[in-house]
Structure formats: C-alpha cells, structure tokens
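For reference, the structure is listed below as structure tokens.
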Amino acid sequence: MTSHRLTADTRGVFVISATPFHDDGSLDLSSLDGALDFYLHAGVHGITLLGMMGEAHKLTAEESVTVVRRGLARIEGRVPVVVGVSGGSLVAMRELALDAMEHGAAGVMVAPPYGLRTDDAIVSYMATVADALGADVPIVFQDYPPTTGVYISAGCLHRVIRDVPSVAMYKAEDVPGLDKISKTRAAERAGTRRVSVVSGNGGLLLPQSLSRGADGIMTGFSYPEMLVAVYEGYARGEVDAADDLYDAYLPLVSYENQPGFGLAIRKEILRRRGAIASAKVRAPGPRLAPDDVAELDRLLARLERALQHRGTTPR
C-alpha cells in the first residue's frame with residue numbers, strides 16, 4: 001500500500017467522509033466503499049475518516065477501527081487519508097492513531113477537549129498528545145470552538161506550532177477566524193515554521209480563506225467537486241471564475257451548514273447522488289421533516305438550473 005504522510009506543504013481538498021449506516025443504525029460498509037469511490041471520482045486530494053461530521057463520537061472503538069481499516073483498504077493509497085482520533089482517553093487515542101498509521105493513514109486529527117480554558121492548558125495538552133502518539137505521527141490541530149467549546153487565540157495557535165513539531169496542519173474553523181489565517185501566514189513570513197492551513201465549516205468562506213493564505217479545505221460538503229474546482233481555480237489564478245462557481249453553490253452550502261442539523265441534509269444529498277444507500281443519521285440525530293425535504297428539493301433544482309446556465313454539471 002502506498003503511504004502518504006502529511007507535511008507542512010500538504011495542499012488541496014480533503015473531504016470528510018460520511019459514515020454510512022443501514023436504516024437500523026448498523027454500519028453499512030458497502031456504502032462506505034461507495035462513498036469513498038464517489039469522493040475519489042470527484043477529484044479530491046485527500047480524505048478524512050472519523051471527522052466530527054462523520055459521527056465518530058457515535059461509534060464504538062471496534063467500529064472506529066473497522067471503518068478506518070476498511071476505508072484505507074478501499075482508498076489503497078491513492079490519496080492521503082487523515083483519521084480523526086479526538087477523545088477523552090489518551091490510551092484509546094494512541095491505539096486508534098497507531099493502528100491507523102500502521103494501515104496507511106497520512107496523519108491524525110486532534111481537537112483539544114472541552115474544559116481547557118487557558119493558552120497554557122491547550123499547549124500542554126497538544127504537547128502531551130504528541131508525546132503519546134510519537135514524533136513520527138503527523139497531527140492536524142483542529143480549531144473548532146462551536147463544537148469543542150475551546151477558544152484558541154492566535155497567540156496560542158502560534159505557540160502550538162512552535163512547541164509541538166509534529167503538528168503539520170492547522171484546521172481553521174473558528175468563526176470569525178479568517179484573521180487567524182492571516183496572522184499564521186504573517187508569523188511564517190516573520191520566521192515561525194510553516195504548517196499547512198486548511199479551512200472547514202462546510203465550505204463557508206472558502207474563497208476568503210484561500211485569499212488569506214489557506215492551502216485548501218477539509219470539510220464534508222455534499223458536492224466535493226465544487227470544492228475541488230474552486231481550489232484549483234484559485235491555484236491557477238482564475239479567482240473570479242472560481243468565485244462565480246462558488247456563488248452558484250452558496251445557498252446549498254449555507255443550508256447544509258445548519259449546526260446540529262446539516263448532517264441529515266448532507267446525508268440525504270449523498271443518498272440522492274448515489275454515494276450511500278441510506279441517509280440514516282445514527283441516534284441521537286436529526287431527521288428531515290416534510291418542509292425540510294421541500295426546501296431541499298427547491299435548492300437542488302435551483303442549483304441544477306444555475307449549473308446548466310453555466311454549462312457545467314456535477315461529476
């Protein structure tokens with residue numbers, strides 16, 4: 001199996017894979033294969049398994065290992081794979097992380113746990129995680145206060161980058177958080193070591209993040225080919241064309257980004273697109289009501305018309 005490792009120069013679109021379930025809530029590994037094939041066909045540059053929007057917190061330890069091993073075997077080293085390992089137990093985190101790396105993962109993603117309130121506590125925690133995992137395990141440092149409740153200042157971020165060498169990537173998901181991207185790049189120009197920076201938040205503010213210096217995005221938006229096209233447009237310097245394409249999808253990006261509810265929308269779209277067999281969100285989780293379905297029908301119809309007008313269609 002070809003093995004990638006995250007580095008400070010890693011770039012591109014890392015899609016966060018949905019974790020598919022049967023209607024009874026059990027894992028659907030055949031649909032996991034289908035979802036990963038769907039993402040690869042969309043042209044993504046990397047894939048993340050067990051992200052927060054991948055319902056990682058609803059899986060047993062055994063299920064997590066099953067999803068990671070199955071996913072890595074399906075991807076077969078074609079793109080780098082990040083595995084989310086955040087959790088309360090360093091022992092469990094280490095076991096999952098090392099198993100994932102042994103089977104071909106490129107790195108692991110860690111968010112500081114709820115309850116950390118000071119810069120010192122956050123930096124100390126990330127250093128402890130790095131020591132537990134080992135220096136050869138690249139880490140994605142996830143900054144997502146709407147979910148974690150941990151607020152990370154730009155100064156704290158730069159201390160983590162300085163003091164924890166195995167942090168190879170920063171995932172910027174604070175809102176507002178564009179200034180952190182700008183400050184990270186400014187610190188780099190001033191001599192701080194470089195890390196890869198990716199945005200998230202379902203694709204919200206992707207153009208602005210790329211303009212501020214992000215190297216890509218890591219998120220699970222249900223039309224990953226749009227993320228790829230916008231990223232590649234920016235890489236070519238075709239900024240206006242990339243922004244125009246992004247604008248066509250923006251109503252759906254916004255609708256899918258509803259906190260606590262967007263996963264049900266995302267899974268329904270993936271089901272309609274043939275990526276997964278069921279839109280089941282494992283309990284406790286949201287379900288679409290008839291009004292939600294009607295709104296989604298209209299949004300998708302408008303998107304199709306907009307793309308036809310542009311002369312483009314989803315892959």
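Residues in the structure tokens are numbered from 1 in each chain, the chains being A, B, ... in the order shown, and ligands are numbered from 1 in the order shown.
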Taking only residues of stretch 184-222 of chain A that have an atom at most 10 Å from an atom of stretch 266-283 of chain A, what is each one's shortest atom pair and its distance in Å to one decimal, using only C-alpha atoms, in chain and number order, as JSON lines?
{"residue": "A:Gly202", "atom": "CA", "partner": "A:Arg266", "partner_atom": "CA", "distance": 9.9}
{"residue": "A:Gly220", "atom": "CA", "partner": "A:Arg266", "partner_atom": "CA", "distance": 8.1}
{"residue": "A:Phe221", "atom": "CA", "partner": "A:Arg266", "partner_atom": "CA", "distance": 7.0}
{"residue": "A:Ser222", "atom": "CA", "partner": "A:Arg266", "partner_atom": "CA", "distance": 5.7}
Spatial neighbours of A:Gly233, max dist 12 Å, only C-alpha atoms, sep filter under 4 positions, as a short mmCIF file (atom, residue, chain, number, x, y, z; two decimals) with N, CA, C and O atoms, in the first residue's frame:
data_model
loop_
_atom_site.label_atom_id
_atom_site.label_comp_id
_atom_site.auth_asym_id
_atom_site.auth_seq_id
_atom_site.Cartn_x
_atom_site.Cartn_y
_atom_site.Cartn_z
N GLY A 12 -4.64 21.12 -0.83
CA GLY A 12 -5.74 20.54 -1.57
C GLY A 12 -7.02 20.42 -0.78
O GLY A 12 -7.18 20.99 0.30
N PRO A 207 -13.63 30.90 -0.45
CA PRO A 207 -12.83 31.84 -1.25
C PRO A 207 -12.01 32.79 -0.39
O PRO A 207 -10.84 33.06 -0.69
N LEU A 210 -8.98 30.97 1.11
CA LEU A 210 -7.91 30.79 0.14
C LEU A 210 -7.19 32.11 -0.12
O LEU A 210 -5.96 32.14 -0.25
N SER A 211 -7.94 33.20 -0.16
CA SER A 211 -7.32 34.52 -0.37
C SER A 211 -6.41 34.90 0.80
O SER A 211 -5.41 35.59 0.61
N GLY A 216 -5.96 24.94 1.43
CA GLY A 216 -7.04 24.08 0.97
C GLY A 216 -8.17 24.07 1.97
O GLY A 216 -8.35 25.01 2.76
N GLU A 225 -16.87 18.11 -5.67
CA GLU A 225 -16.27 18.56 -6.93
C GLU A 225 -16.26 20.09 -7.04
O GLU A 225 -15.39 20.66 -7.70
N MET A 226 -17.22 20.75 -6.37
CA MET A 226 -17.19 22.21 -6.34
C MET A 226 -15.99 22.70 -5.55
O MET A 226 -15.28 23.62 -5.98
N LEU A 227 -15.74 22.10 -4.40
CA LEU A 227 -14.59 22.49 -3.59
C LEU A 227 -13.30 22.33 -4.39
O LEU A 227 -12.42 23.19 -4.35
N VAL A 228 -13.20 21.22 -5.11
CA VAL A 228 -12.01 20.96 -5.92
C VAL A 228 -11.86 22.01 -7.00
O VAL A 228 -10.77 22.56 -7.23
N ALA A 229 -12.96 22.32 -7.69
CA ALA A 229 -12.90 23.29 -8.79
C ALA A 229 -12.53 24.68 -8.29
O ALA A 229 -11.75 25.40 -8.93
N GLY A 237 -4.92 30.95 -10.43
CA GLY A 237 -5.08 32.40 -10.51
C GLY A 237 -6.37 32.84 -11.15
O GLY A 237 -6.56 34.04 -11.41
N GLU A 238 -7.30 31.91 -11.40
CA GLU A 238 -8.59 32.23 -12.02
C GLU A 238 -9.62 32.50 -10.92
O GLU A 238 -10.61 31.78 -10.76
N VAL A 239 -9.38 33.56 -10.18
CA VAL A 239 -10.13 33.82 -8.96
C VAL A 239 -11.58 34.17 -9.24
O VAL A 239 -12.50 33.66 -8.59
N ASP A 240 -11.84 35.04 -10.20
CA ASP A 240 -13.21 35.46 -10.47
C ASP A 240 -14.07 34.29 -10.94
O ASP A 240 -15.23 34.13 -10.51
N ALA A 241 -13.53 33.46 -11.81
CA ALA A 241 -14.29 32.30 -12.29
C ALA A 241 -14.57 31.33 -11.15
O ALA A 241 -15.67 30.77 -11.05
N ALA A 242 -13.58 31.15 -10.27
CA ALA A 242 -13.77 30.27 -9.12
C ALA A 242 -14.85 30.83 -8.19
O ALA A 242 -15.70 30.08 -7.69
N ASP A 243 -14.82 32.13 -7.96
CA ASP A 243 -15.84 32.75 -7.11
C ASP A 243 -17.23 32.64 -7.72
O ASP A 243 -18.22 32.42 -7.00
N ASP A 244 -17.32 32.80 -9.03
CA ASP A 244 -18.62 32.67 -9.69
C ASP A 244 -19.19 31.27 -9.51
O ASP A 244 -20.40 31.10 -9.28
N LEU A 245 -18.34 30.26 -9.65
CA LEU A 245 -18.81 28.88 -9.44
C LEU A 245 -19.24 28.69 -7.99
O LEU A 245 -20.30 28.11 -7.72
N TYR A 246 -18.45 29.17 -7.07
CA TYR A 246 -18.79 29.05 -5.65
C TYR A 246 -20.15 29.70 -5.36
O TYR A 246 -20.97 29.14 -4.61
#
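Of note, atom CA of A:Leu72 and atom CA of A:Ser17 are spaced 12.0 Å apart.
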Problem - Test item: residues at most 7 Å from A:Pro20, only C-alpha atoms, excluding those fewer than 5 positions along its chain, as a list of chain:residue names - result: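 Neighbouring residues, sequence-local ones excluded: A:Leu27, A:Asp28, A:Ser31, A:Leu32, A:Ile276.
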Exercise for the section: Might you pull out every residue within 12 Å of A:Thr147, with only C-alpha atoms counted and same-chain residues fewer than 6 positions away left off, and present them as a ChimeraX atom specification? Expected result: /A:52-53,111-115,173-175,201,259-260
Exercise for the section: Compile the contact shell of A:Arg69 as a VMD selection string: residues with an atom at most 8 Å away, counting only C-alpha atoms, same-chain residues fewer than 3 positions apart removed. Expected result: chain A and resid 65 to 66 72 to 73 100 103
I want to know what sits within 9 Å of A:Ala135, based on only C-alpha atoms, with residues of the same chain fewer than 3 positions away left out; could you give that as a compact mmCIF listing (two decimals) with C-alpha atoms, in the first residue's frame?
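Produced file out-v8.txt, reproduced below:
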# COMPACT_ATOMS: atom_id res chain seq x y z
CA ALA A 130 2.20 14.48 20.54
CA ASP A 131 4.33 12.69 23.11
CA ALA A 132 1.75 9.90 23.44
CA PRO A 138 1.69 13.97 11.85
CA PRO A 165 6.74 19.94 15.94
CA SER A 166 4.52 17.02 14.92
